[in-house]
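Below is the file query-v9.cif, which contains mmCIF, C-alpha atoms.
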data_input
loop_
_atom_site.group_PDB
_atom_site.id
_atom_site.type_symbol
_atom_site.label_atom_id
_atom_site.label_comp_id
_atom_site.auth_asym_id
_atom_site.auth_seq_id
_atom_site.Cartn_x
_atom_site.Cartn_y
_atom_site.Cartn_z
ATOM 1 C CA MET F 1 64.072 -49.189 8.039
ATOM 2 C CA SER F 2 63.952 -45.506 8.231
ATOM 3 C CA TYR F 3 62.137 -43.394 10.666
ATOM 4 C CA ILE F 4 60.679 -40.121 9.667
ATOM 5 C CA VAL F 5 61.060 -37.871 12.579
ATOM 6 C CA GLU F 6 58.865 -34.860 12.713
ATOM 7 C CA SER F 7 60.639 -31.835 13.914
ATOM 8 C CA GLY F 8 59.178 -29.496 16.502
ATOM 9 C CA ALA F 9 59.082 -26.677 13.984
ATOM 10 C CA SER F 10 56.624 -28.429 11.671
ATOM 11 C CA ARG F 11 54.262 -29.254 14.575
ATOM 12 C CA SER F 12 54.177 -25.651 15.694
ATOM 13 C CA ARG F 13 53.599 -24.528 12.088
ATOM 14 C CA ARG F 14 50.587 -26.871 11.792
ATOM 15 C CA SER F 15 49.148 -25.622 15.072
ATOM 16 C CA ARG F 16 49.556 -21.966 13.951
ATOM 17 C CA ARG F 17 47.762 -22.747 10.691
ATOM 18 C CA ARG F 18 44.973 -24.433 12.611
ATOM 19 C CA ARG F 19 44.623 -21.440 14.973
ATOM 20 C CA ALA F 20 44.590 -19.027 12.016
ATOM 21 C CA LEU F 21 41.919 -21.109 10.267
ATOM 22 C CA VAL F 22 39.757 -21.209 13.404
ATOM 23 C CA THR F 23 40.216 -17.447 13.911
ATOM 24 C CA LEU F 24 39.253 -16.727 10.293
ATOM 25 C CA LEU F 25 36.201 -18.974 10.638
ATOM 26 C CA VAL F 26 35.085 -17.175 13.824
ATOM 27 C CA VAL F 27 35.583 -13.743 12.207
ATOM 28 C CA ALA F 28 33.665 -14.844 9.101
ATOM 29 C CA LEU F 29 30.769 -16.084 11.252
ATOM 30 C CA MET F 30 30.728 -12.836 13.234
ATOM 31 C CA LEU F 31 30.625 -10.796 10.014
ATOM 32 C CA PHE F 32 27.846 -12.977 8.622
ATOM 33 C CA PHE F 33 25.687 -12.458 11.727
ATOM 34 C CA ALA F 34 26.455 -8.733 11.813
ATOM 35 C CA PHE F 35 25.325 -8.330 8.190
ATOM 36 C CA TRP F 36 22.294 -10.536 8.814
ATOM 37 C CA TYR F 37 21.289 -8.381 11.819
ATOM 38 C CA ALA F 38 21.810 -5.153 9.846
ATOM 39 C CA TYR F 39 19.816 -6.485 6.897
ATOM 40 C CA SER F 40 16.908 -7.590 9.099
ATOM 41 C CA TYR F 41 16.967 -4.239 10.913
ATOM 42 C CA TYR F 42 16.932 -2.380 7.581
ATOM 43 C CA ARG F 43 14.011 -4.422 6.246
ATOM 44 C CA SER F 44 11.933 -4.094 9.404
ATOM 45 C CA SER F 45 12.476 -0.327 9.720
ATOM 46 C CA GLY F 46 10.983 0.354 6.282
ATOM 47 C CA HIS F 47 7.744 -1.494 6.926
ATOM 48 C CA ALA F 48 7.170 -0.753 10.597
ATOM 49 C CA SER F 49 5.846 2.803 10.259
ATOM 50 C CA ALA F 50 2.158 3.107 9.577
ATOM 51 C CA ALA F 51 0.507 6.045 7.880
ATOM 52 C CA PRO F 52 -1.141 8.429 10.318
ATOM 53 C CA ALA F 53 -4.899 8.185 10.444
ATOM 54 C CA PRO F 54 -6.840 11.318 9.532
ATOM 55 C CA THR F 55 -8.233 13.167 12.492
ATOM 56 C CA CYS F 56 -11.421 15.148 12.709
ATOM 57 C CA THR F 57 -11.692 18.517 14.355
ATOM 58 C CA THR F 58 -14.833 19.959 15.845
ATOM 59 C CA ALA F 59 -13.927 23.589 15.177
ATOM 60 C CA ALA F 60 -16.067 25.282 12.572
ATOM 61 C CA PRO F 61 -14.183 26.461 9.490
ATOM 62 C CA ALA F 62 -13.568 30.178 9.223
ATOM 63 C CA LYS F 63 -15.998 31.868 6.873
ATOM 64 C CA ALA F 64 -14.437 33.971 4.182
ATOM 65 C CA THR F 65 -16.340 36.895 2.780
ATOM 66 C CA LYS F 66 -17.019 37.184 -0.936
ATOM 67 C CA ALA F 67 -14.856 40.292 -1.098
ATOM 68 C CA THR F 68 -11.897 38.445 0.451
ATOM 69 C CA GLN F 69 -12.296 35.512 -1.924
ATOM 70 C CA ALA F 70 -12.514 37.813 -4.945
ATOM 71 C CA THR F 71 -9.453 39.926 -4.092
ATOM 72 C CA ALA F 72 -7.098 37.216 -2.800
ATOM 73 C CA PRO F 73 -5.320 35.799 -5.857
ATOM 74 C CA LYS F 74 -4.352 32.145 -6.029
ATOM 75 C CA PRO F 75 -0.649 31.234 -5.993
ATOM 76 C CA ALA F 76 -0.938 29.892 -9.551
ATOM 77 C CA ASP F 77 -1.898 33.416 -10.689
ATOM 78 C CA ILE F 78 1.156 35.052 -9.090
ATOM 79 C CA THR F 79 4.523 35.408 -10.802
ATOM 80 C CA VAL F 80 7.390 35.846 -8.340
ATOM 81 C CA ASN F 81 10.981 36.928 -8.974
ATOM 82 C CA VAL F 82 13.285 35.462 -6.312
ATOM 83 C CA TYR F 83 16.393 37.503 -5.548
ATOM 84 C CA ASN F 84 19.291 36.810 -3.197
ATOM 85 C CA ALA F 85 20.540 39.860 -1.273
ATOM 86 C CA THR F 86 23.011 37.829 0.821
ATOM 87 C CA ASP F 87 26.416 36.279 0.220
ATOM 88 C CA ARG F 88 25.040 32.727 0.597
ATOM 89 C CA ASP F 89 25.419 30.826 -2.673
ATOM 90 C CA GLY F 90 22.356 29.053 -4.061
ATOM 91 C CA LEU F 91 19.893 30.605 -1.615
ATOM 92 C CA ALA F 92 17.658 32.074 -4.318
ATOM 93 C CA GLY F 93 17.655 28.841 -6.333
ATOM 94 C CA LYS F 94 16.683 26.627 -3.396
ATOM 95 C CA THR F 95 14.019 29.072 -2.260
ATOM 96 C CA ALA F 96 12.668 29.416 -5.803
ATOM 97 C CA SER F 97 12.134 25.651 -6.008
ATOM 98 C CA ASP F 98 10.306 25.766 -2.647
ATOM 99 C CA VAL F 99 8.141 28.642 -3.926
ATOM 100 C CA ARG F 100 7.329 26.622 -7.076
ATOM 101 C CA GLU F 101 6.285 23.668 -4.904
ATOM 102 C CA ARG F 102 3.775 25.978 -3.199
ATOM 103 C CA GLY F 103 2.132 26.610 -6.587
ATOM 104 C CA PHE F 104 3.603 29.987 -7.554
ATOM 105 C CA LYS F 105 5.096 30.802 -10.945
ATOM 106 C CA VAL F 106 8.764 31.781 -10.680
ATOM 107 C CA ALA F 107 10.147 34.042 -13.399
ATOM 108 C CA THR F 108 13.630 35.256 -12.426
ATOM 109 C CA VAL F 109 16.077 33.701 -9.973
ATOM 110 C CA THR F 110 19.282 35.664 -9.413
ATOM 111 C CA ASN F 111 21.110 38.059 -7.088
ATOM 112 C CA ASP F 112 19.324 41.278 -6.144
ATOM 113 C CA PRO F 113 19.588 43.618 -9.155
ATOM 114 C CA LEU F 114 19.260 46.670 -6.878
ATOM 115 C CA GLN F 115 22.113 45.353 -4.685
ATOM 116 C CA ARG F 116 20.476 46.639 -1.520
ATOM 117 C CA THR F 117 21.272 45.334 1.937
ATOM 118 C CA VAL F 118 18.260 43.507 3.379
ATOM 119 C CA THR F 119 18.880 43.102 7.092
ATOM 120 C CA GLY F 120 15.600 41.316 7.892
ATOM 121 C CA PRO F 121 14.439 37.944 6.590
ATOM 122 C CA ALA F 122 13.065 39.302 3.317
ATOM 123 C CA GLU F 123 11.545 42.171 1.366
ATOM 124 C CA VAL F 124 8.559 41.832 -0.922
ATOM 125 C CA ARG F 125 8.750 44.504 -3.631
ATOM 126 C CA TYR F 126 5.678 45.301 -5.687
ATOM 127 C CA GLY F 127 3.917 48.054 -7.604
ATOM 128 C CA LYS F 128 0.414 49.504 -7.274
ATOM 129 C CA SER F 129 -1.198 46.823 -9.451
ATOM 130 C CA GLY F 130 0.559 43.987 -7.573
ATOM 131 C CA ALA F 131 -0.561 44.924 -4.039
ATOM 132 C CA ALA F 132 -3.023 42.029 -3.652
ATOM 133 C CA LYS F 133 -0.471 39.534 -4.955
ATOM 134 C CA ALA F 134 2.198 40.953 -2.640
ATOM 135 C CA LYS F 135 0.019 40.169 0.389
ATOM 136 C CA VAL F 136 -0.002 36.497 -0.596
ATOM 137 C CA VAL F 137 3.779 36.498 -1.155
ATOM 138 C CA LEU F 138 4.322 38.245 2.211
ATOM 139 C CA ALA F 139 2.798 35.179 3.888
ATOM 140 C CA LEU F 140 5.626 33.034 2.480
ATOM 141 C CA VAL F 141 8.292 34.535 4.764
ATOM 142 C CA LYS F 142 7.591 35.316 8.391
ATOM 143 C CA GLY F 143 8.750 38.842 9.156
ATOM 144 C CA ALA F 144 9.028 39.911 5.516
ATOM 145 C CA LYS F 145 8.796 43.646 4.919
ATOM 146 C CA PRO F 146 6.558 45.031 2.131
ATOM 147 C CA VAL F 147 8.243 47.604 -0.125
ATOM 148 C CA ARG F 148 6.105 49.402 -2.687
ATOM 149 C CA ASP F 149 7.963 50.792 -5.682
ATOM 150 C CA ALA F 150 7.114 52.589 -8.922
ATOM 151 C CA ARG F 151 6.703 49.565 -11.188
ATOM 152 C CA THR F 152 3.636 49.493 -13.390
ATOM 153 C CA ASP F 153 3.208 45.751 -13.850
ATOM 154 C CA ALA F 154 1.770 43.252 -11.339
ATOM 155 C CA SER F 155 5.046 41.390 -10.770
ATOM 156 C CA VAL F 156 6.237 40.700 -7.225
ATOM 157 C CA ASP F 157 9.849 40.364 -6.080
ATOM 158 C CA LEU F 158 10.824 38.206 -3.104
ATOM 159 C CA VAL F 159 14.234 39.491 -1.977
ATOM 160 C CA LEU F 160 15.909 37.220 0.588
ATOM 161 C CA GLY F 161 17.804 38.946 3.386
ATOM 162 C CA ARG F 162 20.446 38.099 5.964
ATOM 163 C CA LYS F 163 18.041 36.680 8.540
ATOM 164 C CA PHE F 164 16.222 34.390 6.080
ATOM 165 C CA THR F 165 16.221 30.752 7.157
ATOM 166 C CA ALA F 166 13.232 29.108 5.469
ATOM 167 C CA LEU F 167 9.771 29.733 4.102
ATOM 168 C CA ALA F 168 6.928 29.886 6.597
ATOM 169 C CA ALA F 169 4.922 26.716 7.133
ATOM 170 C CA PRO F 170 2.209 26.422 4.486
ATOM 171 C CA VAL F 171 -1.415 26.812 5.447
ATOM 172 C CA ASN F 172 -2.815 23.278 5.645
ATOM 173 C CA GLN F 173 -6.288 23.689 4.225
ATOM 174 C CA ALA F 174 -8.391 26.314 2.542
ATOM 175 C CA PRO F 175 -11.740 27.063 4.268
ATOM 176 C CA ALA F 176 -13.759 25.191 1.616
ATOM 177 C CA GLN F 177 -11.583 22.101 1.989
ATOM 178 C CA ALA F 178 -11.830 22.253 5.778
ATOM 179 C CA GLY F 179 -15.615 22.192 5.577
ATOM 180 C CA ALA F 180 -15.530 19.182 3.262
ATOM 181 C CA THR F 181 -13.171 17.345 5.613
ATOM 182 C CA ALA F 182 -15.366 18.080 8.637
ATOM 183 C CA ALA F 183 -18.408 16.788 6.757
ATOM 184 C CA ALA F 184 -16.560 13.594 5.851
ATOM 185 C CA CYS F 185 -15.694 12.952 9.536
ATOM 186 C CA ARG F 186 -19.334 12.937 10.670
#

Now that the file is in, can you turn its structure into C-alpha cells?
Amino acid sequence: MSYIVESGASRSRRSRRRRALVTLLVVALMLFFAFWYAYSYYRSSGHASAAPAPTCTTAAPAKATKATQATAPKPADITVNVYNATDRDGLAGKTASDVRERGFKVATVTNDPLQRTVTGPAEVRYGKSGAAKAKVVLALVKGAKPVRDARTDASVDLVLGRKFTALAAPVNQAPAQAGATAAACR
C-alpha cells in the first residue's frame, strides 16, 4: 500500500488561497455596500428638496406714472451690441447670452471696435435717439457709465470693462405683476 503524504508546502498554499478568497469576498461586500449607500444617497438627494411656497408681501406696489410707462422701453424693443474691452476671452459671448435671457435683442458680439480702455465695470454707449433705451441697459451692470456719442440710430452698445464681474440681479416683478400677486394672496 502506498501512502500519499501531503507536504507542508501544499497545505500552506491552500491556506493562502483560502485567505485570498476570504479577503476578496470581504472587499467585494464592502464595495457593494459602498455603492448601495452612494446610490441611495443620490436618489434621496434629488427628491428631498421641496419647491419654495410663494410668499405674500403687505407692501403696496409702487405706482408708475403714465409718462414713465410710455418712455421706458421694454427689453424686447432694445437691440444691444455687446463688446469686450478686456483681455478675458469669451466675456462678451457669455454676457451676450445672459443679456438675451433677460429679453433683449443682441446684434453684435465682439471685441470693442473703438479699442478703448474701460477701467470701470462697463460703458453704455448710445446716441441721442437711444437715450431712453440706454437707461434700461445701464440697469444691467451696476456701476456702468453712460457715454453719449454722435450716432444717429437708436442702437445701444454695452462695452464690458476690467471690473466687470456679472450682470446686476434682475428686477423680480413689474409693478402690474406685483399688484396681481398681492391680490392673489388675499

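Picked out by the PyMOL selection byres ((chain F and resi 151) around 9) when it runs on this file: Tyr126, Gly127, Lys128, Ser129, Arg148, Asp149, Ala150, Thr152, Asp153, Ala154 and Ser155 of chain F.
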
Determine the residue membership of the PyMOL selection byres ((chain F and resi 160) around 12) for the file above and supply it as a ChimeraX atom specification.
/F:81-96,109-112,115-125,138,140-145,157-159,161-167

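Here atom CA of Ala9 of chain F and atom CA of Ala28 of chain F stand 28.5 Å from one another.
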
Atom CA of Val156 of chain F to atom CA of Ala169 of chain F, distance in Å rounded to a single decimal
20.1 Å

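Note that the spacing between atom CA of Ala76 of chain F and atom CA of Val171 of chain F amounts to 15.3 Å.
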
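Shortest atom-to-atom contact with Ala134 of chain F among F:Pro73, F:Asp98, F:Leu25, F:Tyr41: F:Pro73, counting all atoms listed in the file.
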